[in-house]
Structure formats: C-alpha cells, structure tokens
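Below is input15.json, holding JSON, C-alpha atoms.
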[["chain", "number", "residue", "atom", "x", "y", "z"],
["A", 1, "MET", "CA", -59.53, 130.26, 213.47],
["A", 2, "ALA", "CA", -60.44, 133.94, 213.48],
["A", 3, "ASP", "CA", -61.73, 133.89, 209.91],
["A", 4, "GLN", "CA", -63.90, 130.82, 210.44],
["A", 5, "VAL", "CA", -67.60, 131.04, 211.18],
["A", 6, "CYS", "CA", -70.00, 128.68, 212.89],
["A", 7, "CYS", "CA", -71.53, 126.19, 210.44],
["A", 8, "VAL", "CA", -74.93, 126.65, 212.12],
["A", 9, "CYS", "CA", -75.34, 130.40, 212.70],
["A", 10, "SER", "CA", -72.36, 131.97, 210.83],
["A", 11, "LYS", "CA", -71.10, 133.73, 213.97],
["A", 12, "PRO", "CA", -67.33, 133.76, 214.61],
["A", 13, "SER", "CA", -66.28, 130.26, 215.63],
["A", 14, "THR", "CA", -64.14, 129.25, 218.56],
["A", 15, "LYS", "CA", -64.16, 125.44, 218.31],
["A", 16, "THR", "CA", -64.17, 122.73, 215.69],
["A", 17, "ILE", "CA", -65.43, 119.18, 215.34],
["A", 18, "GLY", "CA", -63.47, 117.49, 212.60],
["A", 19, "GLN", "CA", -63.25, 120.27, 210.02],
["A", 20, "ARG", "CA", -66.52, 121.98, 210.96],
["A", 21, "ALA", "CA", -66.35, 125.18, 213.01],
["A", 22, "PHE", "CA", -68.78, 126.07, 215.82],
["A", 23, "CYS", "CA", -69.46, 129.01, 218.08],
["A", 24, "ASP", "CA", -69.60, 128.26, 221.82],
["A", 25, "GLU", "CA", -73.40, 127.93, 221.85],
["A", 26, "HIS", "CA", -73.66, 125.48, 218.99],
["A", 27, "PHE", "CA", -70.59, 123.52, 220.03],
["A", 28, "GLU", "CA", -72.44, 122.82, 223.26],
["A", 29, "THR", "CA", -75.59, 121.65, 221.46],
["A", 30, "ALA", "CA", -73.57, 119.56, 219.01],
["A", 31, "THR", "CA", -71.80, 117.70, 221.83],
["A", 32, "HIS", "CA", -74.58, 117.07, 224.32],
["A", 33, "GLN", "CA", -76.76, 113.99, 224.49],
["A", 34, "ARG", "CA", -80.54, 114.37, 224.17],
["A", 35, "LYS", "CA", -81.75, 111.35, 226.05],
["A", 36, "GLY", "CA", -85.34, 112.47, 225.64],
["A", 37, "VAL", "CA", -85.21, 111.60, 221.94],
["A", 38, "TRP", "CA", -84.46, 107.96, 222.68],
["A", 39, "ARG", "CA", -86.99, 107.76, 225.49],
["A", 40, "SER", "CA", -89.65, 109.03, 223.09],
["A", 41, "VAL", "CA", -88.77, 106.34, 220.53],
["A", 42, "TRP", "CA", -88.84, 103.49, 223.03],
["A", 43, "GLY", "CA", -91.94, 104.93, 224.64],
["A", 44, "GLN", "CA", -93.63, 105.00, 221.24],
["A", 45, "VAL", "CA", -92.77, 101.35, 220.59],
["A", 46, "ILE", "CA", -94.21, 100.25, 223.93],
["A", 47, "ALA", "CA", -97.26, 102.51, 223.70],
["A", 48, "LEU", "CA", -98.00, 101.45, 220.13],
["A", 49, "VAL", "CA", -97.82, 97.75, 221.02],
["A", 50, "VAL", "CA", -100.16, 98.37, 223.96],
["A", 51, "PHE", "CA", -102.50, 100.32, 221.70],
["A", 52, "VAL", "CA", -102.56, 97.47, 219.18],
["A", 53, "VAL", "CA", -103.32, 94.92, 221.90],
["A", 54, "LEU", "CA", -106.17, 97.04, 223.26],
["A", 55, "VAL", "CA", -107.75, 97.61, 219.83],
["A", 56, "TYR", "CA", -107.35, 93.94, 218.90],
["A", 57, "ALA", "CA", -108.87, 92.81, 222.22],
["A", 58, "ALA", "CA", -111.73, 95.29, 221.98],
["A", 59, "GLU", "CA", -112.54, 94.19, 218.44],
["A", 60, "ALA", "CA", -112.47, 90.51, 219.45],
["A", 61, "PHE", "CA", -114.60, 91.08, 222.57],
["A", 62, "PHE", "CA", -117.23, 93.50, 221.28],
["A", 63, "LYS", "CA", -117.25, 92.32, 217.63],
["A", 64, "PRO", "CA", -118.65, 95.63, 216.34],
["A", 65, "ALA", "CA", -120.85, 95.27, 213.28],
["A", 66, "LEU", "CA", -119.50, 98.15, 211.22],
["A", 67, "GLY", "CA", -120.39, 98.90, 207.63],
["A", 68, "GLN", "CA", -117.83, 99.52, 204.93],
["A", 69, "THR", "CA", -117.87, 103.30, 205.37],
["A", 70, "ALA", "CA", -117.49, 103.03, 209.15],
["A", 71, "LEU", "CA", -114.61, 100.57, 208.78],
["A", 72, "MET", "CA", -112.89, 102.90, 206.33],
["A", 73, "LEU", "CA", -113.23, 105.89, 208.64],
["A", 74, "ALA", "CA", -112.03, 103.84, 211.62],
["A", 75, "GLY", "CA", -109.05, 102.63, 209.59],
["A", 76, "VAL", "CA", -108.10, 106.17, 208.58],
["A", 77, "VAL", "CA", -108.25, 107.28, 212.23],
["A", 78, "LEU", "CA", -106.09, 104.33, 213.29],
["A", 79, "ALA", "CA", -103.56, 105.21, 210.56],
["A", 80, "VAL", "CA", -102.91, 108.60, 212.19],
["A", 81, "VAL", "CA", -102.53, 107.27, 215.75],
["A", 82, "PRO", "CA", -98.85, 106.11, 215.51],
["A", 83, "ALA", "CA", -97.74, 109.63, 214.54],
["A", 84, "LEU", "CA", -99.78, 111.17, 217.36],
["A", 85, "ILE", "CA", -98.27, 108.74, 219.88],
["A", 86, "TRP", "CA", -94.73, 109.62, 218.77],
["A", 87, "LEU", "CA", -95.46, 113.36, 218.88],
["A", 88, "ALA", "CA", -96.92, 113.05, 222.37],
["A", 89, "PHE", "CA", -93.91, 111.16, 223.71],
["A", 90, "PHE", "CA", -91.41, 113.34, 221.86],
["A", 91, "TYR", "CA", -92.73, 116.64, 223.15],
["A", 92, "GLN", "CA", -93.10, 115.25, 226.65],
["A", 93, "GLN", "CA", -89.49, 114.09, 226.73],
["A", 94, "ASP", "CA", -88.05, 117.00, 224.72],
["A", 95, "ARG", "CA", -89.81, 119.78, 226.60],
["A", 96, "LEU", "CA", -86.54, 121.30, 227.89],
["A", 97, "GLU", "CA", -85.19, 121.77, 224.35],
["A", 98, "PRO", "CA", -88.18, 121.34, 222.04],
["A", 99, "GLU", "CA", -87.85, 121.45, 218.30],
["A", 100, "PRO", "CA", -90.18, 124.04, 216.74],
["A", 101, "LYS", "CA", -93.59, 122.42, 216.33],
["A", 102, "ALA", "CA", -94.00, 124.10, 212.95],
["A", 103, "PHE", "CA", -90.77, 122.49, 211.68],
["A", 104, "ILE", "CA", -91.80, 119.01, 212.83],
["A", 105, "ALA", "CA", -95.24, 119.49, 211.28],
["A", 106, "SER", "CA", -93.81, 120.82, 208.01],
["A", 107, "VAL", "CA", -91.52, 117.82, 207.57],
["A", 108, "PHE", "CA", -94.34, 115.42, 208.47],
["A", 109, "ILE", "CA", -96.71, 117.03, 205.96],
["A", 110, "LEU", "CA", -94.05, 117.30, 203.26],
["A", 111, "ALA", "CA", -93.33, 113.58, 203.61],
["A", 112, "MET", "CA", -97.05, 112.88, 203.30],
["A", 113, "LEU", "CA", -97.18, 114.93, 200.12],
["A", 114, "VAL", "CA", -94.21, 113.23, 198.45],
["A", 115, "ALA", "CA", -95.58, 109.83, 199.43],
["A", 116, "ALA", "CA", -98.97, 110.62, 197.90],
["A", 117, "ALA", "CA", -97.77, 112.57, 194.86],
["A", 118, "ILE", "CA", -94.63, 110.62, 193.94],
["A", 119, "TRP", "CA", -94.36, 107.21, 195.61],
["A", 120, "LEU", "CA", -97.91, 105.92, 195.15],
["A", 121, "PRO", "CA", -98.09, 106.82, 191.42],
["A", 122, "LEU", "CA", -94.65, 105.26, 190.87],
["A", 123, "ALA", "CA", -95.58, 102.07, 192.73],
["A", 124, "GLU", "CA", -98.97, 101.62, 191.09],
["A", 125, "SER", "CA", -98.79, 103.18, 187.64],
["A", 126, "VAL", "CA", -95.10, 103.09, 186.66],
["A", 127, "PHE", "CA", -93.60, 100.00, 188.29],
["A", 128, "ARG", "CA", -96.91, 98.15, 188.89],
["A", 129, "LEU", "CA", -95.36, 96.41, 191.89],
["A", 130, "SER", "CA", -98.39, 94.32, 192.80],
["A", 131, "LYS", "CA", -98.22, 92.48, 189.47],
["A", 132, "TRP", "CA", -94.70, 91.07, 189.78],
["A", 133, "MET", "CA", -93.15, 91.77, 193.20],
["A", 134, "TYR", "CA", -94.21, 88.42, 194.66],
["A", 135, "ALA", "CA", -93.24, 86.19, 191.73],
["A", 136, "ASP", "CA", -90.40, 84.55, 193.68],
["A", 137, "THR", "CA", -88.07, 85.22, 196.61],
["A", 138, "LEU", "CA", -85.24, 86.79, 194.60],
["A", 139, "THR", "CA", -87.62, 89.11, 192.75],
["A", 140, "THR", "CA", -89.24, 90.19, 196.01],
["A", 141, "ILE", "CA", -85.88, 90.95, 197.65],
["A", 142, "LEU", "CA", -84.39, 92.79, 194.67],
["A", 143, "GLY", "CA", -87.58, 94.72, 193.98],
["A", 144, "GLY", "CA", -87.92, 95.52, 197.67],
["A", 145, "ILE", "CA", -84.40, 96.96, 197.83],
["A", 146, "LEU", "CA", -83.88, 98.56, 194.42],
["A", 147, "ILE", "CA", -87.34, 100.03, 193.94],
["A", 148, "VAL", "CA", -89.24, 100.13, 197.24],
["A", 149, "GLY", "CA", -86.21, 100.72, 199.46],
["A", 150, "PHE", "CA", -84.23, 103.25, 197.44],
["A", 151, "ILE", "CA", -87.17, 105.34, 196.27],
["A", 152, "GLN", "CA", -88.90, 105.48, 199.66],
["A", 153, "GLU", "CA", -85.73, 106.31, 201.56],
["A", 154, "PHE", "CA", -84.65, 108.96, 199.07],
["A", 155, "LEU", "CA", -88.07, 110.64, 199.29],
["A", 156, "LYS", "CA", -87.90, 110.74, 203.09],
["A", 157, "TYR", "CA", -84.34, 112.04, 202.89],
["A", 158, "ALA", "CA", -85.44, 114.74, 200.44],
["A", 159, "ALA", "CA", -88.28, 115.83, 202.74],
["A", 160, "VAL", "CA", -85.66, 116.75, 205.37],
["A", 161, "ARG", "CA", -82.70, 117.74, 203.20],
["A", 162, "TYR", "CA", -84.63, 120.28, 201.15],
["A", 163, "SER", "CA", -86.67, 121.80, 203.97],
["A", 164, "VAL", "CA", -85.30, 122.19, 207.51],
["A", 165, "TYR", "CA", -81.74, 121.02, 206.87],
["A", 166, "ARG", "CA", -80.31, 124.51, 206.36],
["A", 167, "SER", "CA", -82.26, 126.03, 209.24],
["A", 168, "ALA", "CA", -80.48, 127.22, 212.38],
["A", 169, "GLU", "CA", -82.90, 124.99, 214.33],
["A", 170, "PHE", "CA", -81.15, 121.99, 212.80],
["A", 171, "ASP", "CA", -78.24, 122.54, 215.19],
["A", 172, "GLU", "CA", -77.07, 119.08, 216.25],
["A", 173, "ALA", "CA", -76.61, 115.67, 214.69],
["A", 174, "THR", "CA", -79.51, 114.17, 216.65],
["A", 175, "ASP", "CA", -81.86, 116.60, 214.88],
["A", 176, "GLY", "CA", -81.32, 114.59, 211.72],
["A", 177, "ILE", "CA", -82.88, 111.58, 213.44],
["A", 178, "VAL", "CA", -85.74, 113.65, 214.89],
["A", 179, "TYR", "CA", -86.77, 115.26, 211.61],
["A", 180, "ALA", "CA", -86.23, 112.10, 209.58],
["A", 181, "THR", "CA", -88.40, 110.13, 212.00],
["A", 182, "ALA", "CA", -91.14, 112.72, 211.51],
["A", 183, "ALA", "CA", -90.74, 112.25, 207.76],
["A", 184, "GLY", "CA", -90.90, 108.48, 208.13],
["A", 185, "LEU", "CA", -94.13, 108.70, 210.13],
["A", 186, "GLY", "CA", -95.64, 111.08, 207.58],
["A", 187, "PHE", "CA", -94.73, 108.64, 204.83],
["A", 188, "ALA", "CA", -96.19, 105.72, 206.80],
["A", 189, "THR", "CA", -99.41, 107.60, 207.48],
["A", 190, "VAL", "CA", -100.06, 107.99, 203.74],
["A", 191, "LEU", "CA", -99.19, 104.33, 203.08],
["A", 192, "ASN", "CA", -101.60, 103.21, 205.77],
["A", 193, "ILE", "CA", -104.43, 105.52, 204.70],
["A", 194, "HIS", "CA", -103.98, 104.41, 201.10],
["A", 195, "PHE", "CA", -104.13, 100.76, 202.16],
["A", 196, "VAL", "CA", -107.34, 101.34, 204.12],
["A", 197, "VAL", "CA", -109.02, 103.24, 201.27],
["A", 198, "ALA", "CA", -107.82, 100.85, 198.56],
["A", 199, "ASN", "CA", -109.32, 97.90, 200.44],
["A", 200, "GLY", "CA", -112.57, 99.69, 201.27],
["A", 201, "GLY", "CA", -111.76, 99.53, 204.98],
["A", 202, "VAL", "CA", -109.93, 96.93, 207.07],
["A", 203, "ASP", "CA", -110.70, 94.53, 209.85],
["A", 204, "LEU", "CA", -109.90, 96.57, 212.98],
["A", 205, "GLY", "CA", -107.89, 93.90, 214.76],
["A", 206, "THR", "CA", -105.55, 92.80, 212.00],
["A", 207, "GLY", "CA", -105.68, 96.22, 210.38],
["A", 208, "VAL", "CA", -104.25, 98.01, 213.41],
["A", 209, "ILE", "CA", -101.40, 95.49, 213.53],
["A", 210, "ARG", "CA", -100.47, 96.25, 209.93],
["A", 211, "ILE", "CA", -100.67, 99.99, 210.59],
["A", 212, "ALA", "CA", -98.30, 99.66, 213.55],
["A", 213, "ILE", "CA", -95.87, 97.51, 211.55],
["A", 214, "VAL", "CA", -95.64, 100.01, 208.69],
["A", 215, "SER", "CA", -95.28, 102.98, 211.04],
["A", 216, "LEU", "CA", -92.52, 101.45, 213.17],
["A", 217, "ALA", "CA", -90.61, 100.21, 210.13],
["A", 218, "GLN", "CA", -90.80, 103.45, 208.14],
["A", 219, "ALA", "CA", -89.76, 105.51, 211.17],
["A", 220, "SER", "CA", -86.81, 103.18, 211.83],
["A", 221, "PHE", "CA", -85.45, 103.31, 208.29],
["A", 222, "ALA", "CA", -85.85, 107.08, 208.22],
["A", 223, "GLY", "CA", -84.02, 107.34, 211.54],
["A", 224, "ILE", "CA", -81.02, 105.60, 209.99],
["A", 225, "THR", "CA", -81.01, 108.05, 207.09],
["A", 226, "GLY", "CA", -81.39, 110.90, 209.59],
["A", 227, "TYR", "CA", -78.29, 109.78, 211.48],
["A", 228, "PHE", "CA", -76.20, 109.92, 208.32],
["A", 229, "LEU", "CA", -77.80, 113.25, 207.40],
["A", 230, "GLY", "CA", -76.96, 114.78, 210.78],
["A", 231, "ARG", "CA", -73.36, 113.58, 210.61],
["A", 232, "ALA", "CA", -73.06, 114.94, 207.07],
["A", 233, "LYS", "CA", -74.04, 118.43, 208.24],
["A", 234, "PHE", "CA", -71.88, 118.68, 211.34],
["A", 235, "GLU", "CA", -68.84, 116.63, 210.43],
["A", 236, "SER", "CA", -66.68, 116.52, 207.31],
["A", 237, "GLU", "CA", -67.68, 113.15, 205.97],
["A", 238, "PRO", "CA", -66.42, 111.76, 202.65],
["A", 239, "LEU", "CA", -68.46, 112.03, 199.46],
["A", 240, "TRP", "CA", -69.75, 108.46, 199.78],
["A", 241, "TRP", "CA", -71.12, 109.01, 203.29],
["A", 242, "MET", "CA", -74.69, 110.04, 202.47],
["A", 243, "PRO", "CA", -75.15, 107.56, 199.59],
["A", 244, "ALA", "CA", -73.94, 104.84, 201.95],
["A", 245, "GLY", "CA", -76.54, 105.86, 204.53],
["A", 246, "LEU", "CA", -79.34, 105.81, 201.96],
["A", 247, "THR", "CA", -78.14, 102.43, 200.71],
["A", 248, "LEU", "CA", -78.13, 100.96, 204.21],
["A", 249, "ALA", "CA", -81.66, 102.22, 204.89],
["A", 250, "ALA", "CA", -82.86, 100.98, 201.48],
["A", 251, "VAL", "CA", -81.39, 97.50, 201.97],
["A", 252, "LEU", "CA", -82.97, 97.18, 205.41],
["A", 253, "ASN", "CA", -86.26, 98.46, 204.01],
["A", 254, "GLY", "CA", -86.22, 95.89, 201.20],
["A", 255, "LEU", "CA", -85.20, 93.01, 203.44],
["A", 256, "PHE", "CA", -87.85, 93.93, 205.98],
["A", 257, "PHE", "CA", -90.44, 94.16, 203.20],
["A", 258, "TRP", "CA", -89.58, 90.61, 202.12],
["A", 259, "LEU", "CA", -89.25, 89.15, 205.62],
["A", 260, "ARG", "CA", -92.55, 90.65, 206.77],
["A", 261, "THR", "CA", -94.23, 89.14, 203.73],
["A", 262, "GLU", "CA", -92.69, 85.76, 204.47],
["A", 263, "ILE", "CA", -93.68, 85.55, 208.10],
["A", 264, "THR", "CA", -97.11, 87.17, 207.95],
["A", 265, "GLN", "CA", -98.42, 86.50, 204.42],
["A", 266, "SER", "CA", -100.74, 89.45, 205.06],
["A", 267, "THR", "CA", -103.91, 90.03, 203.09],
["A", 268, "VAL", "CA", -105.83, 92.24, 205.48],
["A", 269, "THR", "CA", -109.19, 93.12, 203.95],
["A", 270, "LEU", "CA", -112.80, 93.29, 205.03],
["A", 271, "THR", "CA", -113.19, 89.53, 204.82],
["A", 272, "SER", "CA", -109.82, 88.03, 205.68],
["A", 273, "GLY", "CA", -106.79, 88.60, 207.88],
["A", 274, "GLY", "CA", -103.08, 87.86, 207.76],
["A", 275, "SER", "CA", -102.04, 84.37, 208.83],
["A", 276, "ASN", "CA", -99.60, 85.51, 211.52],
["A", 277, "PRO", "CA", -99.84, 89.31, 211.82],
["A", 278, "TRP", "CA", -98.40, 89.30, 215.35],
["A", 279, "TYR", "CA", -95.08, 87.97, 214.06],
["A", 280, "GLY", "CA", -94.81, 91.05, 211.88],
["A", 281, "LEU", "CA", -95.51, 93.32, 214.85],
["A", 282, "VAL", "CA", -92.83, 91.61, 216.94],
["A", 283, "LEU", "CA", -90.38, 91.98, 214.05],
["A", 284, "ALA", "CA", -91.21, 95.69, 213.66],
["A", 285, "ALA", "CA", -90.95, 96.35, 217.41],
["A", 286, "VAL", "CA", -87.56, 94.64, 217.59],
["A", 287, "LEU", "CA", -86.43, 96.60, 214.53],
["A", 288, "ALA", "CA", -87.54, 99.93, 216.01],
["A", 289, "GLY", "CA", -86.09, 99.28, 219.45],
["A", 290, "GLY", "CA", -82.85, 97.87, 218.08],
["A", 291, "THR", "CA", -82.41, 100.74, 215.64],
["A", 292, "ALA", "CA", -82.99, 103.31, 218.40],
["A", 293, "ALA", "CA", -80.47, 101.57, 220.66],
["A", 294, "ALA", "CA", -77.86, 101.40, 217.89],
["A", 295, "LEU", "CA", -78.32, 105.06, 216.92],
["A", 296, "ALA", "CA", -78.18, 106.17, 220.56],
["A", 297, "TRP", "CA", -74.90, 104.32, 221.01],
["A", 298, "LEU", "CA", -73.48, 105.80, 217.82],
["A", 299, "ILE", "CA", -74.44, 109.34, 218.87],
["A", 300, "ARG", "CA", -72.83, 108.86, 222.31],
["A", 301, "HIS", "CA", -69.70, 107.45, 220.70],
["A", 302, "ASN", "CA", -69.49, 110.35, 218.25],
["A", 303, "ILE", "CA", -69.87, 112.93, 221.04],
["A", 304, "LYS", "CA", -67.17, 111.27, 223.15],
["A", 305, "SER", "CA", -64.83, 111.17, 220.17],
["A", 306, "ALA", "CA", -65.50, 114.84, 219.39],
["A", 307, "LEU", "CA", -64.86, 115.91, 222.97],
["A", 308, "ALA", "CA", -61.71, 113.84, 223.17],
["A", 309, "ALA", "CA", -60.44, 115.40, 219.96]]
Once more with this new file: its structure as structure tokens, please.
Amino acid sequence: MADQVCCVCSKPSTKTIGQRAFCDEHFETATHQRKGVWRSVWGQVIALVVFVVLVYAAEAFFKPALGQTALMLAGVVLAVVPALIWLAFFYQQDRLEPEPKAFIASVFILAMLVAAAIWLPLAESVFRLSKWMYADTLTTILGGILIVGFIQEFLKYAAVRYSVYRSAEFDEATDGIVYATAAGLGFATVLNIHFVVANGGVDLGTGVIRIAIVSLAQASFAGITGYFLGRAKFESEPLWWMPAGLTLAAVLNGLFFWLRTEITQSTVTLTSGGSNPWYGLVLAAVLAGGTAAALAWLIRHNIKSALAA
C-alpha cells in the first residue's frame, strides 16, 4: 500500500476501491452521495415542462404577429433556455461542493463546437440523413442507432474524456454524469439552434416543445455515458466497460429518435406544427426522470458496495 498513490491527486494512498487507490480526502469524495445533482436534474425536468407550458399558452393567447427574423431570434433564445435552467438548478443545489464554473462552461462549449463542426456536416453532407432515414421503420431504427446514436454519443463522450477527465476536479464518479450532462446540453443547444435557423424560425408554441424534447433527451443519453465514464476512472472496469456504455446510450438514442418520430410526426416550421408534439415532451420527460432515478440508484448501490468492501 505504501508505494501506491491516489488515482486523483497522486498523493500517497491509504484506501482502495476495487483496484484503484485513494488518499483519505478523495476516498471521502468518491464514496459520498451528492443528492444535489439529482435534485437539479429533476428540478430541470419540472421547470422545463412548466416553461414549455407557459410559452405555449402565451403564444396561443397573445398570438404575436412576428416576422421571420423575429421568429428566428426568438427560437435561438428559446434554444439556450434549457441549458440555463439546468445550470441554475445545478449551482443552486451543488453550492456546498460546486464544480468549477469554468470546467462546466468549457465542456458545454466544447460539445457545442464538436456538434457544429463534426456532427452537422456528417449528418447533412456525408450521410445525408434527411434523404433516406425515414424510408421505413427498420431503416429509421438502424440509422438512428448506428449513425445518429453512436456518432452523437461518442462526440459527447469525447468532449468530456479529452478535456476535464484527467483533472483533479473530476474526483468522484458522479462528476462523470455532471460533465456529460453539460456536454449533452451543449450538443442539444447546437441542434436546436440549427433547426431554428434551417427552418427560418419556428412557431413558438410547437417550437419550444421540440427544443425541450431534444434537450432532455440529449442530456439523458449523455448522463448514461457519464455514469460509465465515471466508473471507468474510479474503478477497475473490464476493457468492454466503456464501449458497452456508449452502445447503451447509442441504442437508447436511436430508439428514442424513432419513437419520437412515430408518436409526434413533427414538422415544426413557420407554417405547420407537429401532429402530437406533447406526446414527445411526455416521452422525453419520462426518459429524463427515469434515467436520473436509475443513475441515482446505481451510484448509491456502488457507494454501498465500495464501503462494504
């Protein structure tokens, strides 16, 4: 034990979890539960649904006569709101042990950059998804998993793995979920802004529903990847562990992509709206809340097992 060093700070270690050594300080952080993280996720889901309802009701009641430029600007503003809501709840709940704001911001921005510079060109110019993705159910599911799911989830994983992952601030498994969620929201922000701009603006009511759906879904899938990433850093997992996590997130991403298309049949533009956009929002809210509950249980279980060992 004397020649081992902490896997976080490289100080002499006194304890281990699995085959990973920790000093006293980082053993404590690695085995304590951050309930504020889960409160921020569930708070975001509730607040985002309330926000959508308010915007939808305001648009239906006031019926603002906005031009194309005004609708585009309003859509861009709405696309940023989900990330701001999560940040507000996260820092409120995590104020006792806050993650460095610069680290959260850097992951968020990096995910935006990879979404804009890599994913969008791949989707539009290389794979040309819009031309064949909806040919039939099997094509939509396979394309959603093998192309949309795997590429999107790997890019979000890369935004965390090759930035803050080696930092001493990444000092507990839950941090993987925190930083990955920030990456997912950054990715979603670019997707939503691109959708607004590509359509020359969106109807505010149905547009805000789509924005919320994409944000909740992308954050949820990224959270799953973040859980596997956190475990990979602080526990000695087998070689297949991280690929399995990416595969799970990619499959859920692809299946959600198909299912959302099936139940909403969304074409949200200046002149038309999705047939049942609220179904998609309910699906995304259930996905986000269920994913948060499952990850919270897994983290608690892992901590109990570590302490028992």
Contact residues around Met242 in chain A with only C-alpha atoms at 7 Å, ignoring same-chain residues under 5 positions, as an mmCIF file with C-alpha atoms, in the coordinates of the input:
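What landed in part_39.cif:
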data_model
loop_
_atom_site.group_PDB
_atom_site.id
_atom_site.type_symbol
_atom_site.label_atom_id
_atom_site.label_comp_id
_atom_site.auth_asym_id
_atom_site.auth_seq_id
_atom_site.Cartn_x
_atom_site.Cartn_y
_atom_site.Cartn_z
ATOM 1 C CA PHE A 228 -76.200 109.920 208.320
ATOM 2 C CA LEU A 229 -77.800 113.250 207.400
ATOM 3 C CA ALA A 232 -73.060 114.940 207.070
#
Best match for closeness to Ala212 in chain A among A:Leu129, A:Ala47, A:Ala135, A:Ile263, counting all atoms listed in the file =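 So, comparing all the options, the nearest one is A:Ala47.
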Any chance you could tabulate, as a Markdown table, the residues of range 173-247 of chain A at most 12 Å from range 276-284 of chain A with each one's nearest atom pair and distance in Å to one decimal, using all atoms listed in the file, in chain and rising number order?
| residue | atom | partner | partner_atom | distance |
| --- | --- | --- | --- | --- |
| A:Gly205 | CA | A:Pro277 | CA | 9.7 |
| A:Thr206 | CA | A:Pro277 | CA | 6.7 |
| A:Gly207 | CA | A:Pro277 | CA | 9.2 |
| A:Val208 | CA | A:Pro277 | CA | 9.9 |
| A:Ile209 | CA | A:Leu281 | CA | 6.4 |
| A:Arg210 | CA | A:Pro277 | CA | 7.2 |
| A:Ile211 | CA | A:Leu281 | CA | 9.4 |
| A:Ala212 | CA | A:Leu281 | CA | 7.0 |
| A:Ile213 | CA | A:Leu281 | CA | 5.3 |
| A:Val214 | CA | A:Ala284 | CA | 7.9 |
| A:Ser215 | CA | A:Ala284 | CA | 8.8 |
| A:Leu216 | CA | A:Ala284 | CA | 5.9 |
| A:Ala217 | CA | A:Ala284 | CA | 5.8 |
| A:Gln218 | CA | A:Ala284 | CA | 9.5 |
| A:Ala219 | CA | A:Ala284 | CA | 10.2 |
| A:Ser220 | CA | A:Ala284 | CA | 8.9 |
| A:Phe221 | CA | A:Ala284 | CA | 11.0 |
message = Could you tell me how far CA of Ala21 in chain A sits from CA of Lys101 in chain A, in Å to one decimal place?
response =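 Distance reported for this atom pair: 27.6 Å.
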ask   = Of the residues A:Tyr56, A:Lys233, A:Gln4, A:Val41, which is the one nearest to Leu204 in chain A, using only C-alpha atoms?
value =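 For Leu204 in chain A, the nearest of the candidates is A:Tyr56.
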query = What's the 6 Å shell around range 144-153 of chain A, counting all atoms listed in the file, without same-chain residues fewer than 3 positions away, as a ChimeraX atom specification?
reply = /A:140-141,156,250-251,253-254
key: Spatial sel., origin (-84.1, 120.9, 207.7), limit 12 Å, all atoms listed in the file, listed as JSON, numbers by chain   = {"A": [8, 99, 100, 102, 103, 104, 105, 106, 107, 108, 110, 156, 157, 158, 159, 160, 161, 162, 163, 164, 165, 166, 167, 168, 169, 170, 171, 172, 173, 175, 176, 177, 178, 179, 180, 182, 183, 226, 229, 230, 233]}
remark   = Nearest to Val80 in chain A, restricted to all atoms listed in the file and choosing among A:Gly186, A:Gly43, A:Gly201, A:Gly67, comes out as A:Gly186
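Going from CA of Cys6 in chain A to CA of Phe154 in chain A covers 28.2 Å.
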inquiry  = I'd like to know which of A:Leu255, A:Val76, A:Ile85, A:Val286 is closest to Val190 in chain A, using all atoms listed in the file.
reply    =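 Comparing A:Leu255, A:Val76, A:Ile85, A:Val286 against Val190 in chain A, the winner is A:Val76.
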message = What's around Ala293 in chain A at 12 Å? Count all atoms listed in the file, leave out sequence neighbours fewer than 6 positions away in its own chain, and write the answer as a ChimeraX atom specification.
response = /A:35,37-39,41-42,220,223-224,286-287,299-300
key: Ile118 in chain A environment, 9 Å, only C-alpha atoms, sequence neighbours closer than 5 positions dropped, as a list in words   =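 The residues satisfying every condition are Leu113, Ala123 and Leu155 of chain A.
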message = Rounded to one decimal, what separation in Å do you get between CA of Thr247 in chain A and CA of Ala294 in chain A?
response = 17.2 Å
query = Within 9 Å of Leu87 in chain A, counting all atoms listed in the file, which residues qualify if same-chain residues fewer than 3 places away don't, as an NGL selection string?
reply = :A and (40 or 44 or 82-84 or 90-92 or 182)
ask   = Restricting the calculation to only C-alpha atoms, which member of A:Ile46, A:Val197, A:Met133, A:Ala111 is positioned closest to Thr181 in chain A?
value = A:Ala111
Quick test: take range 90-128 of chain A, keep C-alpha atoms, and write it as a PDB file, in the first residue's frame.
ATOM      1  CA  PHE A  90     -27.333  22.675 -10.579  1.00  0.00           C
ATOM      2  CA  TYR A  91     -25.475  25.539  -8.960  1.00  0.00           C
ATOM      3  CA  GLN A  92     -28.296  26.136  -6.509  1.00  0.00           C
ATOM      4  CA  GLN A  93     -28.269  22.513  -5.373  1.00  0.00           C
ATOM      5  CA  ASP A  94     -24.497  22.000  -5.646  1.00  0.00           C
ATOM      6  CA  ARG A  95     -23.466  25.177  -3.847  1.00  0.00           C
ATOM      7  CA  LEU A  96     -21.783  23.286  -0.976  1.00  0.00           C
ATOM      8  CA  GLU A  97     -19.437  21.438  -3.355  1.00  0.00           C
ATOM      9  CA  PRO A  98     -19.661  23.291  -6.665  1.00  0.00           C
ATOM     10  CA  GLU A  99     -17.844  22.133  -9.733  1.00  0.00           C
ATOM     11  CA  PRO A 100     -15.628  24.883 -11.204  1.00  0.00           C
ATOM     12  CA  LYS A 101     -17.822  27.060 -13.406  1.00  0.00           C
ATOM     13  CA  ALA A 102     -15.028  27.301 -15.974  1.00  0.00           C
ATOM     14  CA  PHE A 103     -14.909  23.494 -16.293  1.00  0.00           C
ATOM     15  CA  ILE A 104     -18.669  23.194 -16.779  1.00  0.00           C
ATOM     16  CA  ALA A 105     -18.589  26.016 -19.329  1.00  0.00           C
ATOM     17  CA  SER A 106     -15.611  24.531 -21.182  1.00  0.00           C
ATOM     18  CA  VAL A 107     -17.308  21.149 -21.588  1.00  0.00           C
ATOM     19  CA  PHE A 108     -20.560  22.816 -22.668  1.00  0.00           C
ATOM     20  CA  ILE A 109     -18.781  24.949 -25.279  1.00  0.00           C
ATOM     21  CA  LEU A 110     -16.595  22.081 -26.480  1.00  0.00           C
ATOM     22  CA  ALA A 111     -19.701  19.956 -27.046  1.00  0.00           C
ATOM     23  CA  MET A 112     -21.248  22.829 -28.998  1.00  0.00           C
ATOM     24  CA  LEU A 113     -18.148  23.026 -31.166  1.00  0.00           C
ATOM     25  CA  VAL A 114     -17.999  19.307 -31.959  1.00  0.00           C
ATOM     26  CA  ALA A 115     -21.727  19.302 -32.715  1.00  0.00           C
ATOM     27  CA  ALA A 116     -21.370  22.213 -35.128  1.00  0.00           C
ATOM     28  CA  ALA A 117     -18.028  21.246 -36.679  1.00  0.00           C
ATOM     29  CA  ILE A 118     -18.372  17.455 -36.843  1.00  0.00           C
ATOM     30  CA  TRP A 119     -21.922  16.188 -36.340  1.00  0.00           C
ATOM     31  CA  LEU A 120     -23.852  18.623 -38.542  1.00  0.00           C
ATOM     32  CA  PRO A 121     -21.513  18.239 -41.566  1.00  0.00           C
ATOM     33  CA  LEU A 122     -21.601  14.447 -41.163  1.00  0.00           C
ATOM     34  CA  ALA A 123     -25.397  14.357 -40.910  1.00  0.00           C
ATOM     35  CA  GLU A 124     -26.048  16.718 -43.804  1.00  0.00           C
ATOM     36  CA  SER A 125     -23.158  16.372 -46.239  1.00  0.00           C
ATOM     37  CA  VAL A 126     -21.734  12.887 -45.650  1.00  0.00           C
ATOM     38  CA  PHE A 127     -24.639  10.661 -44.604  1.00  0.00           C
ATOM     39  CA  ARG A 128     -27.437  12.911 -45.967  1.00  0.00           C
TER      40      ARG A 128
END
